[in-house]
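Written out below as structure tokens is the structure these notes cover.
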Amino acid sequence: MINLDGKRAIVTGAASGIGRATAGVLADLGARVVLADIDQEAGEQAAKETGGTFVRCDVSRSTDCETVVRAATASHGGVDVLFNNAGIIRRSTVLEITEDDWDLVMAVNIKSIMLMSRLVIPLMMEAGGGSIVNTGSGWGIKGGGRAISYCASKGAVVNMTRAMAIDHGPANIRVNCVCPGDTHTGMLADEARQLGESAELFYTEAADRPLGRIGQPRDIAQTVAFLASDASAFVSGAVIAVDGAGTA
Ligand code: NAI
């Protein structure tokens, strides 16, 4: 049912975790993928393993985003699928967070979606349509403790998704949001480090979750592949939890 033959995709945050897995799944289903990430070494490795093209990019910088989209157009002639996935977390309350950390989280998690989308949407319009998938979070819907900037940014991702879907639906551009629950990636290890805890906690507690585990990057990747494909032709403005029944 899911076939991405001929689709031209950009995945941000593609060097590791959910983005890396998604680049692999999209490529396996036939897409040509540009992998964008700030981490050059891991990004090049991911591109080698998935058969895609790597472009180094800080998604919070408009000039870097332009470089990615230019490279995608030069290699593939356009863009049909954009997965806005790069993201970071800072574990602090509103009393603890620095202004610099607030600005950084907002720039990487939400401003980046505006920067990438405004470059890609005109290309999708030229091509007669396209699919944009944004990465939100369970915490973008219900909030979470000691992650004030992250929760604010992911809440914005959710509502920006709906607004973009309304604005660009008439151009046959679908915009959806995946909201992962706890997923086994470097981000969890980073969070544990910031909290002075062991990442093992996330994994040992996983048995208490409704499906007996936390998410794997591939769980999210397969949902993104569905949203990228024509199998989801009437799905737009949707906010889809991929969290094994509420692990977020
Ligand atoms: P990850 O840390 O494995 O991957 C994030 C990627 O984004 C990394 O490759 C990193 O180098 C890249 N990145 C960071 N800043 C960047 C920048 N300025 N420009 C370009 N690339 C940048 O983490 P994960 O879990 O794969 O995260 C992917 C998305 O999933 C994020 O948006 C995250 O908020 C979201 N998410 C993750 C959850 C989890 O439990 N792992 C839960 C809910 C949402």
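By order of appearance in the structure tokens: chains A, B, ..., then residues from 1 within every chain, and ligands from 1 in the order shown.
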
Counting only C-alpha atoms, what is within 8 Å of Ala228 in chain A, bar same-chain residues fewer than 5 positions away, as a PDB file with N, CA, C and O atoms, in the first residue's frame?
ATOM      1  N   LEU A   4       6.708   4.854  -2.241  1.00  0.00           N
ATOM      2  CA  LEU A   4       7.221   6.222  -2.385  1.00  0.00           C
ATOM      3  C   LEU A   4       8.080   6.362  -3.633  1.00  0.00           C
ATOM      4  O   LEU A   4       8.899   7.287  -3.726  1.00  0.00           O
ATOM      5  N   VAL A  81       8.266  15.724  -0.395  1.00  0.00           N
ATOM      6  CA  VAL A  81       8.058  15.362   1.014  1.00  0.00           C
ATOM      7  C   VAL A  81       9.064  16.122   1.868  1.00  0.00           C
ATOM      8  O   VAL A  81      10.261  16.103   1.585  1.00  0.00           O
ATOM      9  N   SER A 131       3.678  16.670   0.655  1.00  0.00           N
ATOM     10  CA  SER A 131       3.349  16.290   2.025  1.00  0.00           C
ATOM     11  C   SER A 131       4.427  16.800   2.982  1.00  0.00           C
ATOM     12  O   SER A 131       5.610  16.542   2.780  1.00  0.00           O
ATOM     13  N   ILE A 132       3.981  17.543   4.001  1.00  0.00           N
ATOM     14  CA  ILE A 132       4.895  18.020   5.044  1.00  0.00           C
ATOM     15  C   ILE A 132       4.503  17.320   6.342  1.00  0.00           C
ATOM     16  O   ILE A 132       3.321  17.258   6.685  1.00  0.00           O
ATOM     17  N   VAL A 133       5.499  16.763   7.015  1.00  0.00           N
ATOM     18  CA  VAL A 133       5.260  16.140   8.318  1.00  0.00           C
ATOM     19  C   VAL A 133       6.144  16.846   9.339  1.00  0.00           C
ATOM     20  O   VAL A 133       7.356  16.975   9.133  1.00  0.00           O
TER      21      VAL A 133
END

- Item | Within 6 Å of ligand 1 (only C-alpha atoms and all ligand atoms), residues as number ranges by chain | A: 13-19, 37-39, 57-60, 85-88, 108, 135-137, 180-188

Kindly save the residues from that selection, with C-alpha atoms included, as a PDB file, in the first residue's frame.
ATOM      1  CA  GLY A  13      17.682  15.942  11.993  1.00  0.00           C
ATOM      2  CA  ALA A  14      18.513  12.918   9.855  1.00  0.00           C
ATOM      3  CA  ALA A  15      21.882  12.035  11.370  1.00  0.00           C
ATOM      4  CA  SER A  16      20.427  10.032  14.247  1.00  0.00           C
ATOM      5  CA  GLY A  17      17.358   8.715  16.021  1.00  0.00           C
ATOM      6  CA  ILE A  18      13.948   9.215  14.439  1.00  0.00           C
ATOM      7  CA  GLY A  19      15.268  11.220  11.467  1.00  0.00           C
ATOM      8  CA  ASP A  37      21.686  17.766  10.026  1.00  0.00           C
ATOM      9  CA  ILE A  38      24.073  19.920  12.034  1.00  0.00           C
ATOM     10  CA  ASP A  39      26.222  16.860  12.824  1.00  0.00           C
ATOM     11  CA  CYS A  57      22.652  22.435   8.017  1.00  0.00           C
ATOM     12  CA  ASP A  58      21.711  24.303  11.163  1.00  0.00           C
ATOM     13  CA  VAL A  59      17.938  24.391  10.709  1.00  0.00           C
ATOM     14  CA  SER A  60      17.658  27.555  12.776  1.00  0.00           C
ATOM     15  CA  ASN A  85      12.152  16.623  12.506  1.00  0.00           C
ATOM     16  CA  ALA A  86      15.286  18.243  13.974  1.00  0.00           C
ATOM     17  CA  GLY A  87      14.771  19.074  17.623  1.00  0.00           C
ATOM     18  CA  ILE A  88      16.469  19.625  20.974  1.00  0.00           C
ATOM     19  CA  VAL A 108      15.600  24.768  16.437  1.00  0.00           C
ATOM     20  CA  THR A 135       7.606  16.347  14.621  1.00  0.00           C
ATOM     21  CA  GLY A 136       5.675  17.411  17.683  1.00  0.00           C
ATOM     22  CA  SER A 137       5.652  15.497  20.962  1.00  0.00           C
ATOM     23  CA  PRO A 180       6.182  10.530  19.553  1.00  0.00           C
ATOM     24  CA  GLY A 181       6.114   9.325  23.116  1.00  0.00           C
ATOM     25  CA  ASP A 182       9.388   8.363  24.792  1.00  0.00           C
ATOM     26  CA  THR A 183      11.484   6.895  22.005  1.00  0.00           C
ATOM     27  CA  HIS A 184      14.830   5.155  22.289  1.00  0.00           C
ATOM     28  CA  THR A 185      17.168   7.802  20.797  1.00  0.00           C
ATOM     29  CA  GLY A 186      20.051  10.037  21.819  1.00  0.00           C
ATOM     30  CA  MET A 187      17.540  12.612  23.025  1.00  0.00           C
ATOM     31  CA  LEU A 188      16.517  10.421  25.957  1.00  0.00           C
TER      32      LEU A 188
END

- Exercise: range 102-105 of chain A partners within 9 Å, only C-alpha atoms, chain neighbours under 2 positions left out, as a ChimeraX atom specification: /A:60,87-90,97-100,107-110,148-150,153

Give me a file of those residues, with N, CA, C and O atoms, as a CSV table (one decimal), in the first residue's frame.
chain,number,residue,atom,x,y,z
A,60,SER,N,18.1,26.3,12.2
A,60,SER,CA,17.7,27.6,12.8
A,60,SER,C,18.2,28.7,12.0
A,60,SER,O,17.9,29.9,12.3
A,87,GLY,N,15.3,18.5,16.4
A,87,GLY,CA,14.8,19.1,17.6
A,87,GLY,C,15.7,18.9,18.8
A,87,GLY,O,16.6,18.0,18.7
A,88,ILE,N,15.6,19.7,19.8
A,88,ILE,CA,16.5,19.6,21.0
A,88,ILE,C,15.6,19.9,22.2
A,88,ILE,O,14.5,20.4,22.1
A,89,ILE,N,16.1,19.5,23.4
A,89,ILE,CA,15.4,19.7,24.6
A,89,ILE,C,16.3,20.3,25.7
A,89,ILE,O,17.5,20.0,25.7
A,90,ARG,N,15.8,21.2,26.5
A,90,ARG,CA,16.5,21.7,27.6
A,90,ARG,C,15.5,21.4,28.8
A,90,ARG,O,14.4,21.9,28.8
A,97,ILE,N,15.3,28.3,33.4
A,97,ILE,CA,15.8,28.4,32.0
A,97,ILE,C,16.5,29.8,31.7
A,97,ILE,O,16.0,30.8,32.2
A,98,THR,N,17.5,29.7,31.0
A,98,THR,CA,18.2,31.0,30.6
A,98,THR,C,17.5,31.5,29.3
A,98,THR,O,16.9,30.7,28.5
A,99,GLU,N,17.7,32.8,29.1
A,99,GLU,CA,17.1,33.3,27.9
A,99,GLU,C,17.7,32.7,26.6
A,99,GLU,O,17.0,32.5,25.6
A,100,ASP,N,19.0,32.5,26.7
A,100,ASP,CA,19.7,31.9,25.5
A,100,ASP,C,19.1,30.5,25.2
A,100,ASP,O,18.9,30.1,24.0
A,107,ALA,N,14.2,28.3,18.3
A,107,ALA,CA,14.8,28.5,17.0
A,107,ALA,C,14.9,27.1,16.3
A,107,ALA,O,14.6,26.9,15.1
A,108,VAL,N,15.4,26.1,17.0
A,108,VAL,CA,15.6,24.8,16.4
A,108,VAL,C,14.3,24.0,16.3
A,108,VAL,O,14.1,23.4,15.3
A,109,ASN,N,13.4,24.1,17.2
A,109,ASN,CA,12.2,23.3,17.2
A,109,ASN,C,11.0,23.9,16.4
A,109,ASN,O,10.2,23.1,15.9
A,110,ILE,N,10.9,25.2,16.3
A,110,ILE,CA,9.7,25.8,15.7
A,110,ILE,C,10.1,26.8,14.6
A,110,ILE,O,9.5,26.7,13.5
A,148,ILE,N,10.1,23.5,30.0
A,148,ILE,CA,9.2,24.6,29.7
A,148,ILE,C,9.3,25.0,28.2
A,148,ILE,O,8.3,25.2,27.5
A,149,SER,N,10.5,25.2,27.8
A,149,SER,CA,10.7,25.7,26.4
A,149,SER,C,10.3,24.6,25.4
A,149,SER,O,9.7,24.9,24.3
A,150,TYR,N,10.7,23.4,25.7
A,150,TYR,CA,10.4,22.3,24.8
A,150,TYR,C,8.9,22.1,24.7
A,150,TYR,O,8.3,22.0,23.6
A,153,SER,N,7.5,24.9,22.6
A,153,SER,CA,7.8,24.8,21.2
A,153,SER,C,7.0,23.7,20.5
A,153,SER,O,6.5,23.9,19.4

- Message: Neighbouring residues of range 77-80 of chain A were defined as those with any atom within 9 Å, considering only C-alpha atoms; residues of the same chain fewer than 3 positions away were excluded. Please report them as a list of chain:residue names.
- Response: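 So the residues in contact are A:Lys7, A:Arg8, A:Ala9, A:Ile10, A:Val69, A:Ala72, A:Thr73, A:Ala74, A:Val120, A:Ile121, A:Leu123, A:Met124, A:Glu126, A:Ala127, A:Gly129, A:Gly130, A:Ser131, A:Ile132, A:Ala228.
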
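Atom pair CA of Val242 in chain A / CA of Val224 in chain A: separated by 10.1 Å.
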
- Best match for closeness to Ser75 in chain A among A:Val34, A:Ala231, A:Leu26, A:Val157, counting only C-alpha atoms: A:Val34

- Would you list, as a list in words, the residues of range 23-198 of chain A that end up in strand (DSSP E) under DSSP run on this structure's backbone? Arg32, Val33, Val34, Leu35, Ala36, Asp37, Thr53, Phe54, Val55, Arg56, Val81, Leu82, Phe83, Asn84, Gly130, Ser131, Ile132, Val133, Asn134, Thr135, Ile173, Arg174, Val175, Asn176, Cys177, Val178, Cys179 and Pro180 of chain A

Please save N, CA, C and O atoms of the selected residues as a short mmCIF file (atom, residue, chain, number, x, y, z; two decimals), in the first residue's frame.
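Contents of part.cif, as written:
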data_model
loop_
_atom_site.label_atom_id
_atom_site.label_comp_id
_atom_site.auth_asym_id
_atom_site.auth_seq_id
_atom_site.Cartn_x
_atom_site.Cartn_y
_atom_site.Cartn_z
N ARG A 32 13.85 9.28 -2.99
CA ARG A 32 15.21 9.83 -3.01
C ARG A 32 15.29 10.86 -1.89
O ARG A 32 14.47 11.78 -1.85
N VAL A 33 16.27 10.69 -1.00
CA VAL A 33 16.24 11.44 0.26
C VAL A 33 17.47 12.33 0.42
O VAL A 33 18.61 11.89 0.22
N VAL A 34 17.21 13.59 0.77
CA VAL A 34 18.28 14.49 1.23
C VAL A 34 18.23 14.52 2.75
O VAL A 34 17.18 14.80 3.34
N LEU A 35 19.35 14.17 3.38
CA LEU A 35 19.44 14.15 4.83
C LEU A 35 20.13 15.44 5.29
O LEU A 35 21.26 15.72 4.88
N ALA A 36 19.46 16.21 6.13
CA ALA A 36 20.03 17.48 6.63
C ALA A 36 20.25 17.38 8.13
O ALA A 36 19.37 16.92 8.86
N ASP A 37 21.41 17.81 8.58
CA ASP A 37 21.69 17.77 10.03
C ASP A 37 22.87 18.67 10.33
O ASP A 37 23.71 18.95 9.47
N THR A 53 21.58 11.67 0.19
CA THR A 53 22.57 12.74 0.04
C THR A 53 22.58 13.56 1.32
O THR A 53 21.51 13.99 1.79
N PHE A 54 23.78 13.79 1.89
CA PHE A 54 23.85 14.57 3.13
C PHE A 54 24.16 16.03 2.83
O PHE A 54 25.02 16.34 2.01
N VAL A 55 23.46 16.93 3.53
CA VAL A 55 23.79 18.36 3.48
C VAL A 55 23.88 18.86 4.92
O VAL A 55 22.91 18.73 5.68
N ARG A 56 25.02 19.43 5.29
CA ARG A 56 25.15 19.96 6.64
C ARG A 56 24.31 21.23 6.77
O ARG A 56 24.33 22.09 5.89
N VAL A 81 8.27 15.72 -0.39
CA VAL A 81 8.06 15.36 1.01
C VAL A 81 9.06 16.12 1.87
O VAL A 81 10.26 16.10 1.58
N LEU A 82 8.56 16.80 2.90
CA LEU A 82 9.45 17.48 3.85
C LEU A 82 9.14 16.97 5.25
O LEU A 82 8.00 17.09 5.72
N PHE A 83 10.14 16.36 5.90
CA PHE A 83 9.97 15.91 7.29
C PHE A 83 10.76 16.86 8.18
O PHE A 83 11.99 16.81 8.24
N ASN A 84 10.04 17.78 8.83
CA ASN A 84 10.65 18.75 9.76
C ASN A 84 10.80 18.08 11.11
O ASN A 84 9.88 18.06 11.93
N GLY A 130 2.16 18.15 -2.32
CA GLY A 130 3.24 17.55 -1.53
C GLY A 130 2.76 17.23 -0.13
O GLY A 130 1.59 17.45 0.21
N SER A 131 3.68 16.67 0.66
CA SER A 131 3.35 16.29 2.03
C SER A 131 4.43 16.80 2.98
O SER A 131 5.61 16.54 2.78
N ILE A 132 3.98 17.54 4.00
CA ILE A 132 4.90 18.02 5.04
C ILE A 132 4.50 17.32 6.34
O ILE A 132 3.32 17.26 6.68
N VAL A 133 5.50 16.76 7.02
CA VAL A 133 5.26 16.14 8.32
C VAL A 133 6.14 16.85 9.34
O VAL A 133 7.36 16.98 9.13
N ASN A 134 5.54 17.33 10.41
CA ASN A 134 6.28 18.00 11.47
C ASN A 134 6.38 17.07 12.68
O ASN A 134 5.43 16.33 12.97
N THR A 135 7.49 17.16 13.41
CA THR A 135 7.61 16.35 14.62
C THR A 135 7.22 17.18 15.83
O THR A 135 7.91 18.14 16.19
N ILE A 173 -1.31 20.57 -0.77
CA ILE A 173 -0.19 20.28 0.14
C ILE A 173 -0.79 19.87 1.48
O ILE A 173 -1.54 20.62 2.09
N ARG A 174 -0.48 18.64 1.88
CA ARG A 174 -0.97 18.13 3.17
C ARG A 174 0.08 18.38 4.24
O ARG A 174 1.27 18.27 3.98
N VAL A 175 -0.39 18.75 5.43
CA VAL A 175 0.55 19.02 6.52
C VAL A 175 0.05 18.28 7.76
O VAL A 175 -1.10 18.47 8.18
N ASN A 176 0.88 17.41 8.30
CA ASN A 176 0.51 16.60 9.46
C ASN A 176 1.61 16.63 10.50
O ASN A 176 2.73 17.08 10.22
N CYS A 177 1.29 16.13 11.68
CA CYS A 177 2.23 16.17 12.80
C CYS A 177 2.26 14.80 13.47
O CYS A 177 1.21 14.25 13.79
N VAL A 178 3.46 14.26 13.67
CA VAL A 178 3.58 13.05 14.50
C VAL A 178 4.03 13.48 15.89
O VAL A 178 4.90 14.34 16.04
N CYS A 179 3.42 12.89 16.88
CA CYS A 179 3.79 13.19 18.27
C CYS A 179 4.30 11.92 18.93
O CYS A 179 3.52 11.12 19.47
N PRO A 180 5.63 11.74 18.92
CA PRO A 180 6.18 10.53 19.55
C PRO A 180 6.02 10.61 21.06
O PRO A 180 6.04 11.70 21.65
#

- Per-residue DSSP, range 50-212 of chain A, filtered to alpha helix (DSSP H), as a ChimeraX atom specification: /A:50,62-76,99-106,112-127,139-142,148-168,186-195,200-204
